[in-house]
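Below: the structure, in structure tokens.
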Amino acid sequence: MSEVVSNPPGRVAEIWRPIRKILREPLGALGLFLVLLVIFGAVFADFLTSYDPTRINPRARFQGPGAEHLLGTDQLGRDLFARVLHGGRIALYVALVSTAVSLAIGIVLGLIAGYGPRWLDNLMILLFDAMKSFPTVMLALALVTLMGPSLTAVMVVVILVTVPGYARIIRTQTIALKSSEYVTAAQSMGASSARILRVHILPNVIGPLVILASMDIPVVIGIEAGMSFLGLGVRPPTPSWGSILNDGFTGIRDSAWIAIAGGVPIIITTLGFTFLGETLRDVFDPRLKGR
Amino acid sequence: MLTYFVKRLGLAAVIVSVAMFLLFCMIYLIPGDPASVALGPRATEEMRAALREKMGLNQPVILQFWNFYVGAWTGDLGEEVLSGRPVMTVVLEQLPFTLALIAGGITWSVALGIPLGCWAAVSRGSTADRIVGILSVAVIAVPSFVIAIYALLIFAVQLRWLPAIGAGEPGNLGDQLTHLILPSLAVGLGWVGYIARMVRASMLEVLEASHIRTARAFGLPDRMITYRYALSIAILPTVTLLGVGIGQMLSSAVFAEIVFARPGVGKLVYDAILTRNFPVVTGTVLVTTVLFVLLNLVADLIIGALDPRVRSSF
């Protein structure tokens with residue numbers, strides 16, 4: 001490995017190899033394309049449209065898709081293309097931040113459960129199972145009622161829903177590694193538990209988890225859009241795909257283009273991340289297949 | 001079998017108790033006081049104090065939890081804020097509608113998922129197999145409420161094939177079933193994918209087994225081997241999957257009920273949130289959680305009854 005690191009061209013190849021592997025699978029290439037498309041739209045939203053996503057224009061209400069407004073306008077005359085692009089920022093922001101936070105929490109809890117004493121392990125497993133026994137949407141609705149609708153509430157819901165799964169995976173793998181020879185060797189040389197977990201166990205358990213987390217991103221985007229659809233996510237006038245879909249749902253008989261503008265980005269994003277995640281898993285860790 | 005049953009039942013009771021404790025902690029720890037939430041921002045301080053007293057929020061925490069816990073096990077989930085009706089009665093009134101919706105969802109997912117899974121397994125590696133694989137992944141990925149809205153848009157608004165809102169006339173079974181088709185499709189479509197994948201995977205395993213080879217050697221027709229001999233074994237993991245699936249369909253049902261304006265627990269919770277009827281929200285969360293745990297238990301017991309290996313490993 002050391003030659004690879006000290007040799008820049010080798011390093012470039014090291015980055016390119018997995019990408020080429022993904023591109024060789026048609027579904028992976030499609031997934032990567034869709035994901036990049038969504039990221040591009042969200043990042044360059046300000047350059048791709050000159051409309052302000054929150055600007056109300058009463059004279060341009062309920063206009064169908066056309067040259068002036070690519071995807072039409074909603075009941076307040078706001079440009080839907082601008083709202084869709086800016087809504088992508090909200091969706092990706094929630095997905096990335098909450099997945100990162102719940103990965104961090106899940107890893108710490110999983111390592112503690114797997115490496116700690118037996119009673120603590122049992123207690124934590126019980127808590128994880130109880131947490132998973134709430135139907136997701138019911139839990140989300142109850143939490144949002146208490147906390148008040150906000151993006152933070154949505155992220156708390158996502159974290160509570162996903163942490164138990166991550167922690168369980170880390171725990172199972174930590175237990176498997178705990179009795180391995182090299183960990184015993186490190187223990188006999190007097191390494192502290194913290195060092196063993198950080199240096200010897202964490203690097204070996206984190207790979208599959210990252211792939212599984214990438215497969216959870218569509219679920220997270222679905223939760224955010226769903227909460228916003230119910231009016232329990234982002235506050236108006238902030239654009240979110242869910243709230244656009246709700247505007248479209250209200251006028252579904254006369255202005256179907258609003259519902260199409262809100263729903264298609266959700267479909268594109270969830271499909272993109274799922275196709276990419278499935279390919280990543282098949283390419284890098286076939287053992288996870290069927291999960 | 002009896003020991004297994006008792007152990008599983010005990011574990012389910014413990015999990016429900018811990019879930020209640022977690023729910024109570026969330027209510028208690030999250031900033032925001034249920035009495036203020038219920039009364040809204042315009043309430044006076046006296047009104048809040050009176051409601052807090054009535055809801056028992058002035059008692060010590062431990063006592064509050066104990067009352068909540070004992071109440072929940074004895075079926076007393078408190079009273080609705082406005083009408084004063086018992087929450088349990090209100091939830092149980094709405095539950096059958098949701099259960100019908102979930103049953104419809106299961107029907108869709110089993111009716112489409114099992115044949116698709118078998119077909120993919122039998123024609124392994126072919127284009128058909130690949131297409132079923134991609135479709136399975138796709139329907140799992142797309143959130144159910146998006147499917148619900150587009151199903152409404154296409155089949156009810158544009159094509160006018162099926163009714164858009166409500167649960168149908170009470171007493172008119174045909175009308176009620178017609179009203180069930182679209183919402184239950186939205187609830188079940190994602191699970192078509194899960195079931196198709198699961199059936200395909202376990203079918204491929206079973207088709208390698210020696211009794212299937214024997215059946216082939218006897219010259220039995222392929223169709224009979226697939227559907228009679230292999231499927232009856234390959235179906236087992238699907239039962240467990242459905243146990244989990246029903247819990248998730250409960251989440252989809254919430255959206256389907258709101259989109260199709262159907263009665264049910266999802267609509268109940270949503271309306272309760274909009275009217276700040278807090279006891280109804282927690283009550284419904286508890287009832288649905290217990291339901292979820294019970295359904296998982298039933299699925300485990302069915303598997304235990306069908307497959308002795310599971311019983312002994314517990």
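Letters A, B, ... mark the chains of the structure tokens in the order given; residue numbers begin at 1 per chain; ligand numbers begin at 1, in order shown.
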
Interface, chain B side, toward chain A (6 Å; only C-alpha atoms) as a list in words: Ile15, Val18, Ala19, Ala141, Val142, Pro143, Gly247, Ser251, Val285 and Thr289 of chain B

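Residues in contact range of Val108 (chain A), defined as at most 10 Å between only C-alpha atoms, with sequence neighbours fewer than 2 positions away removed, read Ser102, Leu103, Ala104, Ile105, Gly106, Gly110, Leu111, Ile112, Ala113, Gly114, Tyr166, Ala167, Ile170, Arg171, Leu197 and Leu202 of chain A.
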
Applying 8 Å and only C-alpha atoms, which residues near region 172-182 of chain B remain after dropping the ones on its own chain fewer than 2 positions away? List them as a PyMOL selection string. chain B and resi 101+104+148+151-152+162-170+184-186

For the residues in that selection, give me N, CA, C and O atoms as a PDB file, in the first residue's frame.
ATOM      1  N   LEU B 101     -57.176  -1.361   4.727  1.00  0.00           N
ATOM      2  CA  LEU B 101     -56.234  -0.795   3.758  1.00  0.00           C
ATOM      3  C   LEU B 101     -54.950  -1.629   3.699  1.00  0.00           C
ATOM      4  O   LEU B 101     -54.441  -1.935   2.618  1.00  0.00           O
ATOM      5  N   GLY B 104     -55.542  -4.850   1.989  1.00  0.00           N
ATOM      6  CA  GLY B 104     -55.528  -4.603   0.551  1.00  0.00           C
ATOM      7  C   GLY B 104     -54.110  -4.490   0.023  1.00  0.00           C
ATOM      8  O   GLY B 104     -53.780  -5.040  -1.031  1.00  0.00           O
ATOM      9  N   ALA B 148     -49.011   7.283  -4.233  1.00  0.00           N
ATOM     10  CA  ALA B 148     -50.425   7.535  -3.941  1.00  0.00           C
ATOM     11  C   ALA B 148     -50.942   8.711  -4.761  1.00  0.00           C
ATOM     12  O   ALA B 148     -51.998   8.629  -5.398  1.00  0.00           O
ATOM     13  N   ALA B 151     -51.053   7.850  -8.472  1.00  0.00           N
ATOM     14  CA  ALA B 151     -52.141   6.907  -8.740  1.00  0.00           C
ATOM     15  C   ALA B 151     -53.459   7.671  -8.778  1.00  0.00           C
ATOM     16  O   ALA B 151     -54.306   7.446  -9.653  1.00  0.00           O
ATOM     17  N   LEU B 152     -53.615   8.598  -7.836  1.00  0.00           N
ATOM     18  CA  LEU B 152     -54.817   9.436  -7.793  1.00  0.00           C
ATOM     19  C   LEU B 152     -54.928  10.258  -9.069  1.00  0.00           C
ATOM     20  O   LEU B 152     -55.979  10.327  -9.706  1.00  0.00           O
ATOM     21  N   LEU B 162     -61.481   5.038 -11.374  1.00  0.00           N
ATOM     22  CA  LEU B 162     -61.776   4.661  -9.994  1.00  0.00           C
ATOM     23  C   LEU B 162     -62.075   5.909  -9.154  1.00  0.00           C
ATOM     24  O   LEU B 162     -61.632   7.000  -9.489  1.00  0.00           O
ATOM     25  N   PRO B 163     -62.821   5.747  -8.085  1.00  0.00           N
ATOM     26  CA  PRO B 163     -63.166   6.897  -7.247  1.00  0.00           C
ATOM     27  C   PRO B 163     -61.936   7.479  -6.556  1.00  0.00           C
ATOM     28  O   PRO B 163     -60.974   6.770  -6.275  1.00  0.00           O
ATOM     29  N   ALA B 164     -61.965   8.801  -6.311  1.00  0.00           N
ATOM     30  CA  ALA B 164     -60.794   9.473  -5.768  1.00  0.00           C
ATOM     31  C   ALA B 164     -60.803   9.554  -4.248  1.00  0.00           C
ATOM     32  O   ALA B 164     -59.773   9.381  -3.607  1.00  0.00           O
ATOM     33  N   ILE B 165     -61.956   9.839  -3.650  1.00  0.00           N
ATOM     34  CA  ILE B 165     -61.916  10.081  -2.199  1.00  0.00           C
ATOM     35  C   ILE B 165     -62.928   9.231  -1.441  1.00  0.00           C
ATOM     36  O   ILE B 165     -63.898   8.728  -1.999  1.00  0.00           O
ATOM     37  N   GLY B 166     -62.668   9.093  -0.164  1.00  0.00           N
ATOM     38  CA  GLY B 166     -63.576   8.423   0.749  1.00  0.00           C
ATOM     39  C   GLY B 166     -63.356   6.923   0.815  1.00  0.00           C
ATOM     40  O   GLY B 166     -62.478   6.383   0.148  1.00  0.00           O
ATOM     41  N   ALA B 167     -64.165   6.249   1.665  1.00  0.00           N
ATOM     42  CA  ALA B 167     -64.012   4.814   1.849  1.00  0.00           C
ATOM     43  C   ALA B 167     -65.210   4.073   1.277  1.00  0.00           C
ATOM     44  O   ALA B 167     -65.351   2.879   1.460  1.00  0.00           O
ATOM     45  N   GLY B 168     -66.096   4.772   0.579  1.00  0.00           N
ATOM     46  CA  GLY B 168     -67.260   4.113   0.012  1.00  0.00           C
ATOM     47  C   GLY B 168     -68.437   4.152   0.974  1.00  0.00           C
ATOM     48  O   GLY B 168     -68.291   4.444   2.146  1.00  0.00           O
ATOM     49  N   GLU B 169     -69.635   3.854   0.419  1.00  0.00           N
ATOM     50  CA  GLU B 169     -70.853   3.859   1.229  1.00  0.00           C
ATOM     51  C   GLU B 169     -70.793   2.778   2.286  1.00  0.00           C
ATOM     52  O   GLU B 169     -70.490   1.632   1.969  1.00  0.00           O
ATOM     53  N   PRO B 170     -71.159   3.088   3.527  1.00  0.00           N
ATOM     54  CA  PRO B 170     -71.181   2.045   4.550  1.00  0.00           C
ATOM     55  C   PRO B 170     -72.223   1.000   4.181  1.00  0.00           C
ATOM     56  O   PRO B 170     -73.327   1.348   3.742  1.00  0.00           O
ATOM     57  N   SER B 184     -54.883   1.015  -1.651  1.00  0.00           N
ATOM     58  CA  SER B 184     -54.129  -0.165  -1.237  1.00  0.00           C
ATOM     59  C   SER B 184     -52.998  -0.464  -2.225  1.00  0.00           C
ATOM     60  O   SER B 184     -51.966  -1.001  -1.833  1.00  0.00           O
ATOM     61  N   LEU B 185     -53.176  -0.066  -3.480  1.00  0.00           N
ATOM     62  CA  LEU B 185     -52.068  -0.202  -4.438  1.00  0.00           C
ATOM     63  C   LEU B 185     -50.896   0.676  -3.990  1.00  0.00           C
ATOM     64  O   LEU B 185     -49.742   0.243  -3.972  1.00  0.00           O
ATOM     65  N   ALA B 186     -51.213   1.906  -3.572  1.00  0.00           N
ATOM     66  CA  ALA B 186     -50.169   2.816  -3.115  1.00  0.00           C
ATOM     67  C   ALA B 186     -49.460   2.250  -1.884  1.00  0.00           C
ATOM     68  O   ALA B 186     -48.243   2.374  -1.734  1.00  0.00           O
TER      69      ALA B 186
END

Show me, as a PyMOL selection string, the residues that have an atom within 8 Å of region 175-190 of chain A when counting only C-alpha atoms, minus same-chain residues fewer than 5 positions from it. chain A and resi 114-115+196+200-201

Based on the selection just made, write C-alpha atoms of those residues as a PDB file, in the first residue's frame.
ATOM      1  CA  GLY A 114     -20.293  -4.762  21.036  1.00  0.00           C
ATOM      2  CA  TYR A 115     -17.172  -4.201  23.116  1.00  0.00           C
ATOM      3  CA  ILE A 196      -8.279  -1.084  20.145  1.00  0.00           C
ATOM      4  CA  HIS A 200      -8.170  -2.175  15.172  1.00  0.00           C
ATOM      5  CA  ILE A 201     -11.950  -2.473  15.087  1.00  0.00           C
TER       6      ILE A 201
END

DSSP on the backbone, then: every residue of region 17-216 of chain B marked helix (DSSP H, G or I), written as an MDAnalysis selection string. chainID B and resid 17:29 34:39 45:55 61:73 87:122 127:141 144:158 173:207 210:216

Export C-alpha atoms of the chosen residues as a compact mmCIF listing (two decimals), in the first residue's frame?
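Okay, result.txt is ready:
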# COMPACT_ATOMS: atom_id res chain seq x y z
CA SER B 17 -42.94 -1.68 27.88
CA VAL B 18 -39.61 -0.19 26.81
CA ALA B 19 -41.29 1.46 23.82
CA MET B 20 -43.82 3.04 26.20
CA PHE B 21 -40.99 4.26 28.39
CA LEU B 22 -39.22 5.78 25.36
CA LEU B 23 -42.42 7.46 24.19
CA PHE B 24 -42.96 8.88 27.67
CA CYS B 25 -39.34 10.14 27.80
CA MET B 26 -39.79 11.83 24.43
CA ILE B 27 -42.97 13.57 25.57
CA TYR B 28 -41.33 14.58 28.81
CA LEU B 29 -37.88 15.62 27.57
CA PRO B 34 -48.51 19.10 26.19
CA ALA B 35 -50.99 21.46 27.88
CA SER B 36 -49.73 24.49 25.94
CA VAL B 37 -49.62 22.43 22.75
CA ALA B 38 -53.24 21.39 23.30
CA LEU B 39 -54.54 24.86 24.04
CA GLU B 45 -51.98 31.03 31.96
CA GLU B 46 -54.98 29.95 34.12
CA MET B 47 -56.37 27.73 31.35
CA ARG B 48 -52.98 26.07 30.96
CA ALA B 49 -52.67 25.52 34.70
CA ALA B 50 -56.15 24.00 34.84
CA LEU B 51 -55.45 21.60 31.96
CA ARG B 52 -52.07 20.67 33.42
CA GLU B 53 -53.84 19.80 36.65
CA LYS B 54 -56.45 17.74 34.77
CA MET B 55 -53.82 15.89 32.72
CA VAL B 61 -42.43 12.31 36.92
CA ILE B 62 -42.27 8.76 38.25
CA LEU B 63 -45.93 8.85 39.20
CA GLN B 64 -46.86 10.30 35.80
CA PHE B 65 -45.02 7.49 34.06
CA TRP B 66 -46.62 4.88 36.30
CA ASN B 67 -50.12 6.23 35.58
CA PHE B 68 -49.33 6.32 31.85
CA TYR B 69 -47.92 2.78 31.93
CA VAL B 70 -50.71 1.18 33.97
CA GLY B 71 -53.33 3.12 32.00
CA ALA B 72 -51.93 1.92 28.70
CA TRP B 73 -51.93 -1.76 29.73
CA VAL B 87 -59.00 7.90 23.28
CA MET B 88 -59.12 4.10 23.13
CA THR B 89 -62.69 4.15 21.76
CA VAL B 90 -61.78 6.77 19.16
CA VAL B 91 -58.73 4.82 17.97
CA LEU B 92 -60.56 1.49 17.85
CA GLU B 93 -63.32 3.08 15.76
CA GLN B 94 -60.80 4.08 13.09
CA LEU B 95 -58.55 1.01 13.22
CA PRO B 96 -60.70 -1.33 11.03
CA PHE B 97 -60.42 1.12 8.08
CA THR B 98 -56.62 1.10 8.34
CA LEU B 99 -56.50 -2.68 8.74
CA ALA B 100 -58.65 -3.06 5.61
CA LEU B 101 -56.23 -0.80 3.76
CA ILE B 102 -53.23 -2.83 4.93
CA ALA B 103 -54.98 -6.09 4.01
CA GLY B 104 -55.53 -4.60 0.55
CA GLY B 105 -51.86 -3.64 0.39
CA ILE B 106 -50.80 -7.17 1.32
CA THR B 107 -53.14 -8.60 -1.31
CA TRP B 108 -51.55 -6.43 -4.00
CA SER B 109 -48.00 -7.17 -2.90
CA VAL B 110 -48.52 -10.93 -2.60
CA ALA B 111 -50.59 -11.22 -5.78
CA LEU B 112 -47.96 -9.42 -7.84
CA GLY B 113 -44.76 -10.16 -5.88
CA ILE B 114 -44.91 -13.96 -5.62
CA PRO B 115 -45.54 -14.69 -9.34
CA LEU B 116 -42.93 -12.10 -10.36
CA GLY B 117 -40.38 -13.61 -7.96
CA CYS B 118 -41.05 -17.14 -9.21
CA TRP B 119 -40.87 -16.05 -12.81
CA ALA B 120 -37.54 -14.27 -12.21
CA ALA B 121 -36.10 -17.31 -10.40
CA VAL B 122 -37.18 -19.78 -13.06
CA THR B 127 -33.82 -10.25 -19.63
CA ALA B 128 -37.09 -10.94 -17.80
CA ASP B 129 -35.12 -11.62 -14.61
CA ARG B 130 -33.20 -8.37 -14.99
CA ILE B 131 -36.34 -6.33 -15.65
CA VAL B 132 -38.09 -7.78 -12.60
CA GLY B 133 -34.95 -6.99 -10.56
CA ILE B 134 -34.83 -3.36 -11.68
CA LEU B 135 -38.58 -2.88 -11.21
CA SER B 136 -38.38 -4.38 -7.70
CA VAL B 137 -35.65 -1.96 -6.70
CA ALA B 138 -37.50 0.95 -8.30
CA VAL B 139 -40.84 0.40 -6.54
CA ILE B 140 -39.03 -0.04 -3.20
CA ALA B 141 -37.16 3.24 -3.70
CA SER B 144 -45.41 5.56 -1.14
CA PHE B 145 -47.05 8.98 -0.88
CA VAL B 146 -45.65 9.94 -4.28
CA ILE B 147 -47.12 6.71 -5.69
CA ALA B 148 -50.43 7.53 -3.94
CA ILE B 149 -50.64 11.01 -5.48
CA TYR B 150 -49.70 9.83 -8.97
CA ALA B 151 -52.14 6.91 -8.74
CA LEU B 152 -54.82 9.44 -7.79
CA LEU B 153 -53.78 11.75 -10.61
CA ILE B 154 -53.67 9.07 -13.30
CA PHE B 155 -56.47 6.63 -12.46
CA ALA B 156 -58.95 8.85 -10.63
CA VAL B 157 -58.50 12.37 -12.02
CA GLN B 158 -57.32 11.81 -15.61
CA LEU B 173 -69.26 -3.88 0.06
CA GLY B 174 -68.71 -3.50 -3.70
CA ASP B 175 -68.45 0.26 -3.40
CA GLN B 176 -66.07 -0.04 -0.45
CA LEU B 177 -63.83 -2.45 -2.36
CA THR B 178 -63.72 -0.11 -5.39
CA HIS B 179 -62.64 2.67 -3.07
CA LEU B 180 -59.94 0.38 -1.66
CA ILE B 181 -58.20 -0.47 -4.97
CA LEU B 182 -56.09 2.68 -5.47
CA PRO B 183 -55.11 3.44 -1.87
CA SER B 184 -54.13 -0.17 -1.24
CA LEU B 185 -52.07 -0.20 -4.44
CA ALA B 186 -50.17 2.82 -3.12
CA VAL B 187 -49.64 1.01 0.20
CA GLY B 188 -48.64 -2.33 -1.31
CA LEU B 189 -46.65 -1.45 -4.44
CA GLY B 190 -43.32 -1.00 -2.62
CA TRP B 191 -43.77 -4.42 -1.06
CA VAL B 192 -44.25 -6.06 -4.44
CA GLY B 193 -40.54 -5.34 -4.86
CA TYR B 194 -39.48 -6.73 -1.47
CA ILE B 195 -41.55 -9.88 -1.90
CA ALA B 196 -40.44 -10.48 -5.47
CA ARG B 197 -36.77 -10.22 -4.43
CA MET B 198 -37.26 -12.42 -1.39
CA VAL B 199 -39.20 -15.10 -3.28
CA ARG B 200 -36.63 -15.07 -6.10
CA ALA B 201 -33.71 -15.51 -3.70
CA SER B 202 -35.25 -18.30 -1.64
CA MET B 203 -36.67 -19.96 -4.76
CA LEU B 204 -33.19 -20.14 -6.30
CA GLU B 205 -31.97 -21.86 -3.15
CA VAL B 206 -34.85 -24.33 -3.05
CA LEU B 207 -34.58 -25.20 -6.74
CA SER B 210 -32.36 -32.66 -3.74
CA HIS B 211 -36.12 -33.26 -3.51
CA ILE B 212 -36.61 -30.92 -6.47
CA ARG B 213 -33.97 -32.87 -8.40
CA THR B 214 -35.81 -36.05 -7.53
CA ALA B 215 -39.09 -34.57 -8.74
CA ARG B 216 -37.36 -33.62 -11.99

What separates CA of Val156 (chain A) and CA of Phe44 (chain A) is a distance of 27.9 Å

Residues within 10 Å of Pro237 (chain A), only C-alpha atoms, excluding chain neighbours under 4 positions, as a ChimeraX atom specification: /A:53-56,83,243

Could you write those residues out with C-alpha atoms, as a PDB file, in the first residue's frame?
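So the final result, stored in part_10.pdb, reads:
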ATOM      1  CA  PRO A  53     -38.140  30.565  -5.627  1.00  0.00           C
ATOM      2  CA  THR A  54     -40.062  32.494  -2.965  1.00  0.00           C
ATOM      3  CA  ARG A  55     -41.119  35.537  -5.026  1.00  0.00           C
ATOM      4  CA  ILE A  56     -44.882  35.801  -5.315  1.00  0.00           C
ATOM      5  CA  ARG A  83     -38.603  25.989  -6.500  1.00  0.00           C
ATOM      6  CA  SER A 243     -44.443  21.134  -0.113  1.00  0.00           C
TER       7      SER A 243
END
